[in-house]
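Visitor: Here you go, this is protein_7.cif (mmCIF, C-alpha atoms).
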data_start
loop_
_atom_site.label_atom_id
_atom_site.label_comp_id
_atom_site.auth_asym_id
_atom_site.auth_seq_id
_atom_site.Cartn_x
_atom_site.Cartn_y
_atom_site.Cartn_z
CA MET A 1 72.57 92.69 92.84
CA ALA A 2 70.14 94.46 95.11
CA ASN A 3 66.82 92.64 95.44
CA GLU A 4 63.77 94.83 95.98
CA SER A 5 61.11 93.81 98.47
CA LYS A 6 58.55 96.63 98.71
CA ASP A 7 60.70 99.51 100.01
CA LEU A 8 63.51 97.27 101.26
CA PHE A 9 66.66 96.53 99.26
CA VAL A 10 68.75 93.54 100.28
CA VAL A 11 72.33 93.34 99.04
CA GLU A 12 74.29 90.10 99.03
CA ARG A 13 77.65 90.57 100.74
CA ASP A 14 80.71 89.79 98.63
CA LEU A 15 83.36 88.40 100.97
CA ARG A 16 86.03 88.91 98.31
CA LEU A 17 85.67 92.66 98.69
CA ASP A 18 85.80 92.38 102.48
CA LEU A 19 88.93 90.27 102.22
CA LEU A 20 90.66 92.75 99.91
CA ARG A 21 89.65 95.72 102.05
CA GLY A 22 90.95 93.99 105.16
CA LEU A 23 94.21 93.21 103.39
CA GLY A 24 94.38 96.84 102.28
CA LEU A 25 93.88 98.06 105.86
CA TRP A 26 96.77 95.92 107.07
CA MET A 27 98.98 97.14 104.25
CA ILE A 28 98.12 100.80 104.93
CA PHE A 29 98.98 100.27 108.60
CA LEU A 30 102.38 98.84 107.63
CA ASP A 31 103.06 101.50 104.99
CA HIS A 32 102.50 104.23 107.60
CA ILE A 33 105.33 102.83 109.77
CA PRO A 34 108.64 104.26 108.50
CA ASP A 35 111.53 101.81 108.01
CA ASP A 36 109.54 98.74 109.02
CA VAL A 37 110.94 95.55 107.51
CA VAL A 38 107.51 93.89 107.69
CA SER A 39 106.21 96.52 105.23
CA TRP A 40 108.03 94.51 102.56
CA LEU A 41 104.85 92.43 102.57
CA THR A 42 102.86 95.33 101.10
CA LEU A 43 101.98 95.92 97.48
CA ARG A 44 103.87 99.18 97.02
CA ASN A 45 107.21 97.36 97.12
CA TYR A 46 106.40 95.24 94.06
CA GLY A 47 104.64 97.53 91.62
CA PHE A 48 103.52 101.03 90.73
CA SER A 49 100.21 100.98 92.65
CA ASP A 50 99.48 100.29 96.31
CA ALA A 51 96.58 99.71 98.69
CA ALA A 52 95.12 103.18 98.02
CA GLU A 53 94.06 102.23 94.48
CA PHE A 54 92.39 99.05 95.70
CA PHE A 55 90.50 100.90 98.42
CA VAL A 56 89.22 103.65 96.14
CA PHE A 57 88.23 101.21 93.40
CA ILE A 58 86.37 98.90 95.81
CA SER A 59 84.50 101.88 97.29
CA GLY A 60 83.44 102.94 93.82
CA TYR A 61 82.49 99.38 92.91
CA LEU A 62 80.25 99.09 95.97
CA ALA A 63 78.64 102.45 95.21
CA GLY A 64 77.70 101.28 91.73
CA PHE A 65 76.72 97.77 92.84
CA ILE A 66 74.46 98.92 95.69
CA TYR A 67 73.02 102.27 94.64
CA VAL A 68 72.53 102.10 90.87
CA PRO A 69 69.73 99.47 91.27
CA ILE A 70 68.15 101.64 93.98
CA ILE A 71 68.23 104.71 91.73
CA ALA A 72 66.91 102.58 88.85
CA ALA A 73 63.90 101.71 91.03
CA GLY A 74 63.05 105.41 91.28
CA GLN A 75 64.56 105.88 94.73
CA PHE A 76 67.11 108.61 94.01
CA MET A 77 66.35 110.65 97.13
CA PRO A 78 66.74 107.68 99.53
CA ALA A 79 70.04 106.84 97.80
CA LEU A 80 71.14 110.47 98.09
CA LYS A 81 70.18 110.52 101.77
CA ARG A 82 72.05 107.30 102.51
CA LEU A 83 75.22 108.35 100.68
CA TRP A 84 75.29 111.84 102.19
CA ASN A 85 74.70 110.31 105.61
CA ARG A 86 77.79 108.21 104.93
CA VAL A 87 79.65 111.39 103.99
CA TRP A 88 78.66 112.96 107.29
CA HIS A 89 79.88 109.93 109.24
CA MET A 90 83.22 110.04 107.43
CA TYR A 91 83.54 113.78 108.02
CA VAL A 92 82.89 113.35 111.76
CA ALA A 93 85.33 110.42 111.84
CA HIS A 94 87.97 112.53 110.09
CA ILE A 95 87.61 115.47 112.48
CA LEU A 96 87.71 113.22 115.54
CA LEU A 97 90.69 111.37 114.11
CA PHE A 98 92.40 114.70 113.44
CA LEU A 99 91.86 115.92 117.01
CA PHE A 100 92.92 112.70 118.74
CA PHE A 101 95.84 112.11 116.37
CA THR A 102 97.16 115.64 116.88
CA ALA A 103 96.74 115.35 120.65
CA GLN A 104 98.53 111.99 120.60
CA ILE A 105 101.52 113.43 118.75
CA ALA A 106 101.66 116.57 120.90
CA ARG A 107 101.59 114.54 124.12
CA VAL A 108 104.34 112.19 122.95
CA ALA A 109 106.51 115.07 121.72
CA ARG A 110 106.17 116.89 125.05
CA LYS A 111 106.58 113.87 127.30
CA TRP A 112 109.67 112.58 125.51
CA ASP A 113 111.00 116.06 124.74
CA ASN A 114 111.28 115.22 121.05
CA PRO A 115 109.87 117.91 118.71
CA MET A 116 110.71 115.69 115.72
CA TYR A 117 107.27 114.09 115.94
CA LYS A 118 105.45 117.41 115.51
CA ASP A 119 107.48 118.30 112.43
CA GLU A 120 107.45 114.80 110.93
CA PHE A 121 103.65 114.53 111.07
CA ASN A 122 102.94 118.16 110.10
CA VAL A 123 101.21 119.20 113.33
CA ALA A 124 103.71 121.83 114.56
CA ASN A 125 101.88 124.67 112.78
CA PHE A 126 98.56 123.62 114.25
CA LEU A 127 99.96 123.54 117.80
CA ASN A 128 101.47 127.00 117.26
CA HIS A 129 98.42 128.56 115.56
CA PRO A 130 95.32 126.53 116.56
CA ASP A 131 93.02 129.56 116.22
CA GLU A 132 93.80 129.81 112.51
CA LEU A 133 94.24 126.19 111.57
CA ILE A 134 91.16 124.75 113.26
CA GLY A 135 89.11 126.43 110.52
CA LYS A 136 91.44 125.05 107.87
CA ALA A 137 91.02 121.60 109.38
CA LEU A 138 87.22 121.85 109.43
CA THR A 139 87.21 122.78 105.74
CA LEU A 140 89.62 119.90 104.94
CA GLN A 141 92.40 122.26 103.85
CA TYR A 142 94.80 121.34 106.66
CA LYS A 143 95.63 117.67 107.19
CA PRO A 144 98.46 116.07 109.16
CA VAL A 145 100.50 113.31 107.54
CA ASP A 146 98.56 110.04 107.00
CA LEU A 147 95.16 111.80 107.21
CA ASP A 148 94.69 112.48 103.49
CA VAL A 149 92.52 109.52 102.53
CA LEU A 150 89.22 110.29 104.26
CA PRO A 151 88.87 113.79 102.70
CA LEU A 152 89.22 112.14 99.28
CA TYR A 153 86.41 109.70 100.10
CA ILE A 154 84.25 112.51 101.43
CA CYS A 155 84.51 114.38 98.12
CA LEU A 156 83.97 111.35 95.92
CA ILE A 157 81.00 109.93 97.79
CA ALA A 158 79.41 113.39 98.10
CA VAL A 159 79.17 113.72 94.30
CA SER A 160 78.52 110.03 93.64
CA PRO A 161 74.68 110.13 93.73
CA PHE A 162 74.60 112.47 90.73
CA VAL A 163 77.28 110.59 88.81
CA LEU A 164 75.52 107.27 89.50
CA TRP A 165 72.26 108.79 88.21
CA LEU A 166 74.07 109.60 84.96
CA MET A 167 75.77 106.22 84.91
CA LEU A 168 72.40 104.48 85.11
CA ARG A 169 71.34 106.18 81.88
CA ARG A 170 74.62 106.49 79.96
CA PRO A 171 77.27 104.35 81.68
CA ASN A 172 79.86 104.51 78.90
CA LEU A 173 79.41 108.23 78.29
CA THR A 174 79.65 108.90 82.03
CA LEU A 175 82.89 106.93 82.27
CA ALA A 176 84.20 108.83 79.24
CA GLY A 177 83.40 112.07 81.06
CA SER A 178 85.40 110.81 84.04
CA VAL A 179 88.35 110.15 81.73
CA VAL A 180 88.08 113.64 80.21
CA LEU A 181 88.03 115.24 83.68
CA TYR A 182 91.12 113.23 84.63
CA LEU A 183 92.97 114.39 81.50
CA PHE A 184 91.96 118.03 81.97
CA ALA A 185 92.96 117.96 85.64
CA ARG A 186 96.41 116.63 84.81
CA TYR A 187 96.91 119.00 81.87
CA PHE A 188 95.68 122.19 83.58
CA GLY A 189 96.90 121.27 87.08
CA TRP A 190 93.46 121.30 88.70
CA ASN A 191 93.42 120.40 92.40
CA LEU A 192 91.80 121.60 95.63
CA PRO A 193 93.68 124.13 97.80
CA SER A 194 95.38 123.02 100.98
CA TYR A 195 97.47 124.56 103.74
CA PRO A 196 99.91 126.32 103.62
CA LYS A 197 99.04 128.71 100.82
CA GLY A 198 99.99 127.30 97.45
CA ALA A 199 99.76 123.68 98.60
CA THR A 200 97.19 121.25 97.21
CA TRP A 201 95.57 117.98 98.30
CA TYR A 202 97.87 114.97 98.39
CA PHE A 203 95.13 112.87 96.74
CA ASN A 204 93.84 115.04 93.91
CA PRO A 205 90.08 114.29 93.76
CA PHE A 206 89.83 115.47 90.13
CA CYS A 207 92.25 112.68 89.18
CA TRP A 208 91.40 109.97 91.70
CA GLN A 209 87.74 110.15 90.72
CA LEU A 210 88.72 108.13 87.65
CA ILE A 211 89.49 104.98 89.59
CA PHE A 212 86.45 105.48 91.85
CA PHE A 213 83.98 105.83 88.98
CA ALA A 214 85.71 103.12 86.97
CA GLY A 215 84.87 100.92 89.96
CA ALA A 216 81.27 102.18 89.92
CA TRP A 217 81.09 101.45 86.18
CA CYS A 218 82.14 97.87 86.89
CA GLY A 219 79.84 97.57 89.91
CA CYS A 220 76.72 98.63 88.02
CA GLY A 221 77.28 95.86 85.49
CA ALA A 222 78.56 97.88 82.53
CA VAL A 223 81.80 95.89 82.55
CA LYS A 224 79.87 92.94 81.11
CA GLN A 225 80.09 94.66 77.72
CA ILE A 226 83.80 93.82 77.56
CA SER A 227 83.80 90.63 79.66
CA GLU A 228 84.83 88.45 76.73
CA ILE A 229 87.74 90.74 75.95
CA LEU A 230 88.90 90.72 79.56
CA LYS A 231 88.79 86.91 79.60
CA SER A 232 90.93 86.58 76.49
CA ARG A 233 94.43 85.13 76.71
CA ILE A 234 95.91 88.15 74.93
CA VAL A 235 94.61 90.62 77.52
CA PHE A 236 95.65 88.31 80.35
CA GLY A 237 99.14 88.02 78.85
CA ILE A 238 99.42 91.81 78.56
CA ALA A 239 98.36 92.17 82.20
CA ILE A 240 100.98 89.67 83.39
CA ALA A 241 103.67 91.35 81.28
CA TRP A 242 102.80 94.76 82.71
CA ILE A 243 102.91 93.43 86.28
CA LEU A 244 106.33 91.89 85.65
CA PHE A 245 107.60 95.10 84.03
CA ALA A 246 106.46 97.12 87.06
CA LEU A 247 108.14 94.59 89.37
CA PHE A 248 111.41 94.95 87.45
CA ILE A 249 111.31 98.76 87.60
CA VAL A 250 110.47 98.84 91.32
CA MET A 251 113.14 96.30 92.19
CA GLY A 252 115.56 98.71 90.52
CA TRP A 253 114.82 101.13 93.36
CA HIS A 254 116.46 98.66 95.72
CA SER A 255 119.18 97.17 93.50
CA GLU A 256 121.86 99.18 91.74
CA PHE A 257 122.44 96.31 89.32
CA LEU A 258 118.80 96.18 88.21
CA LYS A 259 118.70 99.96 88.05
CA SER A 260 121.65 99.96 85.67
CA LEU A 261 119.71 97.70 83.28
CA VAL A 262 116.99 100.33 82.74
CA PRO A 263 117.78 102.46 79.65
CA PRO A 264 118.01 106.24 80.30
CA TRP A 265 115.28 106.96 77.74
CA LEU A 266 112.92 104.67 79.66
CA ASN A 267 113.71 106.38 82.95
CA LYS A 268 112.93 109.72 81.33
CA ALA A 269 109.65 108.38 79.96
CA ILE A 270 108.23 106.89 83.15
CA TYR A 271 109.42 109.25 85.90
CA PRO A 272 108.08 110.84 87.99
CA ILE A 273 105.40 108.26 88.88
CA ASP A 274 103.03 110.71 90.50
CA LYS A 275 100.67 109.50 93.22
CA THR A 276 98.94 112.83 93.82
CA ASP A 277 97.55 113.00 90.28
CA LEU A 278 97.17 109.23 89.86
CA ASP A 279 99.86 108.61 87.28
CA MET A 280 98.64 106.39 84.44
CA LEU A 281 101.36 103.88 85.30
CA ARG A 282 99.74 103.44 88.69
CA PHE A 283 96.23 103.20 87.22
CA THR A 284 97.15 100.65 84.56
CA HIS A 285 99.19 98.59 87.03
CA PHE A 286 96.17 98.44 89.31
CA CYS A 287 93.94 97.43 86.39
CA ALA A 288 96.33 94.61 85.53
CA LEU A 289 96.34 93.38 89.12
CA ALA A 290 92.55 93.65 89.37
CA LEU A 291 92.13 91.60 86.21
CA VAL A 292 94.37 88.82 87.52
CA VAL A 293 92.76 88.82 90.98
CA SER A 294 89.22 88.73 89.56
CA ARG A 295 90.22 85.84 87.31
CA TYR A 296 91.39 83.61 90.15
CA LEU A 297 89.53 84.84 93.25
CA ASP A 298 86.17 83.18 92.76
CA HIS A 299 83.01 84.39 94.49
CA ASP A 300 82.38 80.91 95.93
CA TRP A 301 85.95 80.17 97.01
CA ALA A 302 85.78 78.21 100.26
CA GLY A 303 88.80 80.02 101.67
CA LEU A 304 86.75 83.18 102.09
CA LYS A 305 85.01 81.53 105.04
CA SER A 306 88.12 79.91 106.48
CA THR A 307 89.36 80.62 110.00
CA LEU A 308 92.74 81.68 108.64
CA LEU A 309 91.32 84.55 106.57
CA ARG A 310 88.56 85.47 109.02
CA PRO A 311 90.60 88.34 110.62
CA LEU A 312 91.07 90.03 107.23
CA VAL A 313 87.40 89.63 106.31
CA LEU A 314 86.29 91.03 109.68
CA CYS A 315 88.56 94.05 109.32
CA GLY A 316 87.28 94.67 105.81
CA GLN A 317 83.69 94.66 107.04
CA HIS A 318 84.45 97.56 109.40
CA SER A 319 86.79 99.57 107.22
CA LEU A 320 86.09 103.10 108.52
CA PRO A 321 86.74 102.53 112.26
CA LEU A 322 89.59 100.14 111.47
CA PHE A 323 91.27 102.70 109.22
CA CYS A 324 91.10 105.29 112.00
CA LEU A 325 92.46 102.77 114.50
CA GLY A 326 95.23 101.82 112.09
CA VAL A 327 96.41 105.45 111.90
CA PHE A 328 96.79 105.55 115.70
CA LEU A 329 98.51 102.18 115.78
CA SER A 330 100.97 103.10 113.04
CA PHE A 331 102.08 106.17 114.98
CA GLY A 332 102.33 104.09 118.14
CA ALA A 333 104.47 101.54 116.33
CA HIS A 334 106.66 104.30 114.92
CA TRP A 335 107.09 105.79 118.40
CA VAL A 336 108.13 102.42 119.84
CA LEU A 337 110.70 101.88 117.11
CA VAL A 338 112.13 105.39 117.51
CA GLN A 339 112.34 105.38 121.30
CA TRP A 340 113.63 101.84 121.60
CA LYS A 341 115.50 99.49 119.33
CA SER A 342 114.43 99.22 115.71
CA ALA A 343 115.83 95.75 115.06
CA PHE A 344 113.94 93.07 113.16
CA ILE A 345 112.39 91.48 116.24
CA GLU A 346 110.94 94.80 117.47
CA GLN A 347 109.59 95.62 114.01
CA PHE A 348 108.06 92.16 113.75
CA VAL A 349 106.44 92.42 117.21
CA VAL A 350 104.89 95.89 116.77
CA SER A 351 103.62 95.05 113.27
CA PHE A 352 101.88 91.83 114.25
CA ALA A 353 100.66 93.36 117.51
CA GLY A 354 98.94 95.96 115.33
CA PHE A 355 97.30 93.20 113.28
CA ALA A 356 96.10 91.54 116.48
CA ILE A 357 94.65 94.77 117.90
CA MET A 358 92.87 95.56 114.63
CA THR A 359 91.44 92.04 114.51
CA ALA A 360 90.25 92.23 118.12
CA ALA A 361 88.57 95.58 117.45
CA ALA A 362 86.87 94.19 114.32
CA TRP A 363 85.64 91.17 116.31
CA LEU A 364 84.17 93.44 119.00
CA LEU A 365 82.44 95.57 116.38
CA ASP A 366 81.05 92.44 114.75
CA ARG A 367 79.72 91.15 118.08
CA ALA A 368 78.20 94.54 118.83
CA GLU A 369 76.29 94.44 115.53
CA ARG A 370 74.84 91.07 116.49
CA VAL A 371 73.23 92.48 119.66
CA PRO A 372 69.52 92.76 118.86
CA ASN A 373 67.95 96.20 118.62
CA LEU A 374 64.90 96.21 120.89
CA PHE A 375 63.64 99.60 119.72
CA VAL A 376 61.71 100.14 116.51
CA ASP A 377 60.41 103.28 114.83
CA VAL A 378 56.62 103.37 114.74
CA GLU A 379 54.86 105.82 112.44
CA GLN A 380 52.57 108.07 114.39
CA ALA A 381 48.94 107.74 113.36
CA PRO A 382 47.08 110.99 112.53
CA GLY A 383 45.50 112.58 115.59
CA THR A 384 47.50 110.58 118.15
CA LYS A 385 49.93 111.98 120.66
CA PRO A 386 53.51 110.75 120.89
CA SER A 387 54.13 108.45 123.81
CA ALA A 388 56.58 109.49 126.52
CA ALA A 389 59.79 107.52 126.63
#
What does the file become when written as structure tokens?
Guide:
Amino acid sequence: MANESKDLFVVERDLRLDLLRGLGLWMIFLDHIPDDVVSWLTLRNYGFSDAAEFFVFISGYLAGFIYVPIIAAGQFMPALKRLWNRVWHMYVAHILLFLFFTAQIARVARKWDNPMYKDEFNVANFLNHPDELIGKALTLQYKPVDLDVLPLYICLIAVSPFVLWLMLRRPNLTLAGSVVLYLFARYFGWNLPSYPKGATWYFNPFCWQLIFFAGAWCGCGAVKQISEILKSRIVFGIAIAWILFALFIVMGWHSEFLKSLVPPWLNKAIYPIDKTDLDMLRFTHFCALALVVSRYLDHDWAGLKSTLLRPLVLCGQHSLPLFCLGVFLSFGAHWVLVQWKSAFIEQFVVSFAGFAIMTAAAWLLDRAERVPNLFVDVEQAPGTKPSAA
């Protein structure tokens, strides 16, 4: 947990979380490339959930792990300042990503005389009516394809200081409130408005908050109340059975024979598996996976510091810039596969070239952080004049 030293809080880095975030970044990059055979390596092809659930849960876990001890020490305002500063950074990153991503698509569409790109990535309306849609973009109502994740994080982290304050005092009751909000949002159809009129956010924050604050509940230590239950063989067996069931259902999407084995009543019961409102099948599948991963991925596992996994860990340690870079790279890979051949070798090359570029960028960011900062803030003594710089 966070160790307090006067006004300084030091948090021990968990490389498991960095590894999983890095793996999630690579999977998101692949999932954003249409018809890429390498994307068969990603989670979404083998179960109900995908990298989005892992990312949101880990973000919530870190919020609870880092900031609940700070709030417990009576430092709510510093925690609020730090979290809202993070929100501002994400908002700026989202707007810059929106502008550069839209410009990238517009340039490619014009240069190659292919308007398909503008329609496919939902930027045609913006290019036709920038005076109207720039305001929609600034208020997070208008988002091109693949740019839906950061607005969700902005909302969740913006409200997290107040929810974490409640979680410090009544963790179980706060989590119960999160569950109630999820149920009400699904029942009454609550969501935030989007563009065009009548549309809503692809990631419904009223529903996805459940997995975020479930992560915070675990991160603040409340999960210890049920640790013995989670370690039981019965719960582990249920988790494995649910993962296998999800694998069977998803494989039916690719095999007519397996699809024919699913009873009609079961199809009616489970479909549609809604991502926008975080279908409970997705949530429970993620929980089953998280239980299995936490059981076998030990905090002290030597592989976390191995050279082989170092690229994933580095990427996970710089998730915001690497996510933005991954969005650009996925469009670039899609463009290459559309304009040239889309055979296996080309798909393999552009996919692993993307991994290499993301790793190189993460390495550069890591080296930049190691450069010493020669400037320090000095509190001005009463009656003294500030020095000229």
Visitor: Dig up all the protein and nucleic acid residues within 10 Å of (86.1, 89.4, 101.9) in the file frame, using all atoms listed in the file, and format them as a compact mmCIF listing (two decimals) with C-alpha atoms, keeping the file's coordinate frame.
Guide:
# COMPACT_ATOMS: atom_id res chain seq x y z
CA ARG A 13 77.65 90.57 100.74
CA ASP A 14 80.71 89.79 98.63
CA LEU A 15 83.36 88.40 100.97
CA ARG A 16 86.03 88.91 98.31
CA LEU A 17 85.67 92.66 98.69
CA ASP A 18 85.80 92.38 102.48
CA LEU A 19 88.93 90.27 102.22
CA LEU A 20 90.66 92.75 99.91
CA ARG A 21 89.65 95.72 102.05
CA GLY A 22 90.95 93.99 105.16
CA LEU A 23 94.21 93.21 103.39
CA HIS A 299 83.01 84.39 94.49
CA GLY A 303 88.80 80.02 101.67
CA LEU A 304 86.75 83.18 102.09
CA LYS A 305 85.01 81.53 105.04
CA LEU A 309 91.32 84.55 106.57
CA ARG A 310 88.56 85.47 109.02
CA PRO A 311 90.60 88.34 110.62
CA LEU A 312 91.07 90.03 107.23
CA VAL A 313 87.40 89.63 106.31
CA LEU A 314 86.29 91.03 109.68
CA CYS A 315 88.56 94.05 109.32
CA GLY A 316 87.28 94.67 105.81
CA GLN A 317 83.69 94.66 107.04
Visitor: For Met90 in chain A, please output as a list in words all residues within 10 Å (counting all atoms listed in the file; exclusion window: fewer than 6 positions along the same chain).
Guide: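 Close residues of Met90 in chain A: Trp84, Leu96, Leu150, Pro151, Tyr153, Ile154, Ile157, Leu320 and Pro321 of chain A.
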Visitor: Once the PyMOL selection byres ((chain A and resi 105) around 9) has been applied to the shown file, what residues remain in the selection, as a list in words?
Guide: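 When the PyMOL selection byres ((chain A and resi 105) around 9) is applied, the selected residues are Phe100, Phe101, Thr102, Ala103, Gln104, Ala106, Arg107, Val108, Ala109, Arg110, Tyr117, Lys118, Phe121, Val123 and Phe331 of chain A.
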Visitor: When distances are computed from all atoms listed in the file, which of A:Ile249, A:Leu164, A:Ile95, A:Met280 shows the smallest separation from Ile134 in chain A?
Guide: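 Comparing A:Ile249, A:Leu164, A:Ile95, A:Met280 against Ile134 in chain A, the winner is A:Ile95.
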Visitor: Check what the PyMOL selection byres ((chain A and resi 31-35) around 12) selects in the file above and give those residues as number ranges by chain.
Guide: A: 24-30, 36-45, 50-52, 120-121, 145-147, 323, 326-338, 342-344, 346-348, 350-351, 354
Visitor: Could you tell me which residues the PyMOL selection byres ((chain A and resi 217) around 9) returns for this structure, as a list in words?
Guide: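 Here the PyMOL selection byres ((chain A and resi 217) around 9) matches Gly60, Tyr61, Gly64, Phe65, Leu164, Met167, Pro171, Asn172, Thr174, Leu175, Phe212, Phe213, Ala214, Gly215, Ala216, Cys218, Gly219, Cys220, Gly221, Ala222 and Val223 of chain A.
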Visitor: Next, the residues of the selection above should be written as a PDB file, keeping the file's coordinate frame with C-alpha atoms.
Guide:
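As written to disk, part-v7.pdb reads:
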ATOM      1  CA  GLY A  60      83.440 102.940  93.820  1.00  0.00           C
ATOM      2  CA  TYR A  61      82.490  99.380  92.910  1.00  0.00           C
ATOM      3  CA  GLY A  64      77.700 101.280  91.730  1.00  0.00           C
ATOM      4  CA  PHE A  65      76.720  97.770  92.840  1.00  0.00           C
ATOM      5  CA  LEU A 164      75.520 107.270  89.500  1.00  0.00           C
ATOM      6  CA  MET A 167      75.770 106.220  84.910  1.00  0.00           C
ATOM      7  CA  PRO A 171      77.270 104.350  81.680  1.00  0.00           C
ATOM      8  CA  ASN A 172      79.860 104.510  78.900  1.00  0.00           C
ATOM      9  CA  THR A 174      79.650 108.900  82.030  1.00  0.00           C
ATOM     10  CA  LEU A 175      82.890 106.930  82.270  1.00  0.00           C
ATOM     11  CA  PHE A 212      86.450 105.480  91.850  1.00  0.00           C
ATOM     12  CA  PHE A 213      83.980 105.830  88.980  1.00  0.00           C
ATOM     13  CA  ALA A 214      85.710 103.120  86.970  1.00  0.00           C
ATOM     14  CA  GLY A 215      84.870 100.920  89.960  1.00  0.00           C
ATOM     15  CA  ALA A 216      81.270 102.180  89.920  1.00  0.00           C
ATOM     16  CA  CYS A 218      82.140  97.870  86.890  1.00  0.00           C
ATOM     17  CA  GLY A 219      79.840  97.570  89.910  1.00  0.00           C
ATOM     18  CA  CYS A 220      76.720  98.630  88.020  1.00  0.00           C
ATOM     19  CA  GLY A 221      77.280  95.860  85.490  1.00  0.00           C
ATOM     20  CA  ALA A 222      78.560  97.880  82.530  1.00  0.00           C
ATOM     21  CA  VAL A 223      81.800  95.890  82.550  1.00  0.00           C
TER      22      VAL A 223
END
Visitor: Any chance you could model all heavy atoms for range 196-201 of chain A and send them as an mmCIF file, in the coordinates of the input?
Guide:
data_model
loop_
_atom_site.group_PDB
_atom_site.id
_atom_site.type_symbol
_atom_site.label_atom_id
_atom_site.label_comp_id
_atom_site.auth_asym_id
_atom_site.auth_seq_id
_atom_site.Cartn_x
_atom_site.Cartn_y
_atom_site.Cartn_z
ATOM 1 N N PRO A 196 99.923 124.853 103.715
ATOM 2 C CA PRO A 196 99.910 126.320 103.620
ATOM 3 C C PRO A 196 99.537 126.809 102.229
ATOM 4 O O PRO A 196 99.346 126.003 101.316
ATOM 5 C CB PRO A 196 101.347 126.683 103.984
ATOM 6 C CG PRO A 196 102.147 125.501 103.541
ATOM 7 C CD PRO A 196 101.275 124.305 103.805
ATOM 8 N N LYS A 197 99.466 128.116 102.070
ATOM 9 C CA LYS A 197 99.040 128.710 100.820
ATOM 10 C C LYS A 197 99.915 128.227 99.676
ATOM 11 O O LYS A 197 101.138 128.217 99.770
ATOM 12 C CB LYS A 197 99.102 130.238 100.914
ATOM 13 C CG LYS A 197 98.490 130.944 99.712
ATOM 14 C CD LYS A 197 98.481 132.452 99.900
ATOM 15 C CE LYS A 197 97.845 133.146 98.701
ATOM 16 N NZ LYS A 197 97.816 134.629 98.876
ATOM 17 N N GLY A 198 99.272 127.828 98.595
ATOM 18 C CA GLY A 198 99.990 127.300 97.450
ATOM 19 C C GLY A 198 100.046 125.790 97.408
ATOM 20 O O GLY A 198 100.334 125.207 96.357
ATOM 21 N N ALA A 199 99.769 125.149 98.547
ATOM 22 C CA ALA A 199 99.760 123.680 98.600
ATOM 23 C C ALA A 199 98.425 123.156 98.081
ATOM 24 O O ALA A 199 97.428 123.880 98.023
ATOM 25 C CB ALA A 199 100.015 123.196 100.016
ATOM 26 N N THR A 200 98.403 121.894 97.703
ATOM 27 C CA THR A 200 97.190 121.250 97.210
ATOM 28 C C THR A 200 97.004 119.902 97.909
ATOM 29 O O THR A 200 97.871 119.443 98.644
ATOM 30 C CB THR A 200 97.256 121.038 95.687
ATOM 31 O OG1 THR A 200 98.452 120.306 95.372
ATOM 32 C CG2 THR A 200 97.271 122.369 94.950
ATOM 33 N N TRP A 201 95.857 119.268 97.663
ATOM 34 C CA TRP A 201 95.570 117.980 98.300
ATOM 35 C C TRP A 201 96.561 116.926 97.824
ATOM 36 O O TRP A 201 96.918 116.884 96.636
ATOM 37 C CB TRP A 201 94.156 117.535 97.944
ATOM 38 C CG TRP A 201 93.091 118.237 98.741
ATOM 39 C CD1 TRP A 201 93.148 119.503 99.249
ATOM 40 C CD2 TRP A 201 91.816 117.694 99.098
ATOM 41 N NE1 TRP A 201 91.987 119.794 99.909
ATOM 42 C CE2 TRP A 201 91.147 118.703 99.831
ATOM 43 C CE3 TRP A 201 91.177 116.491 98.880
ATOM 44 C CZ2 TRP A 201 89.868 118.525 100.347
ATOM 45 C CZ3 TRP A 201 89.906 116.306 99.377
ATOM 46 C CH2 TRP A 201 89.259 117.304 100.110
#
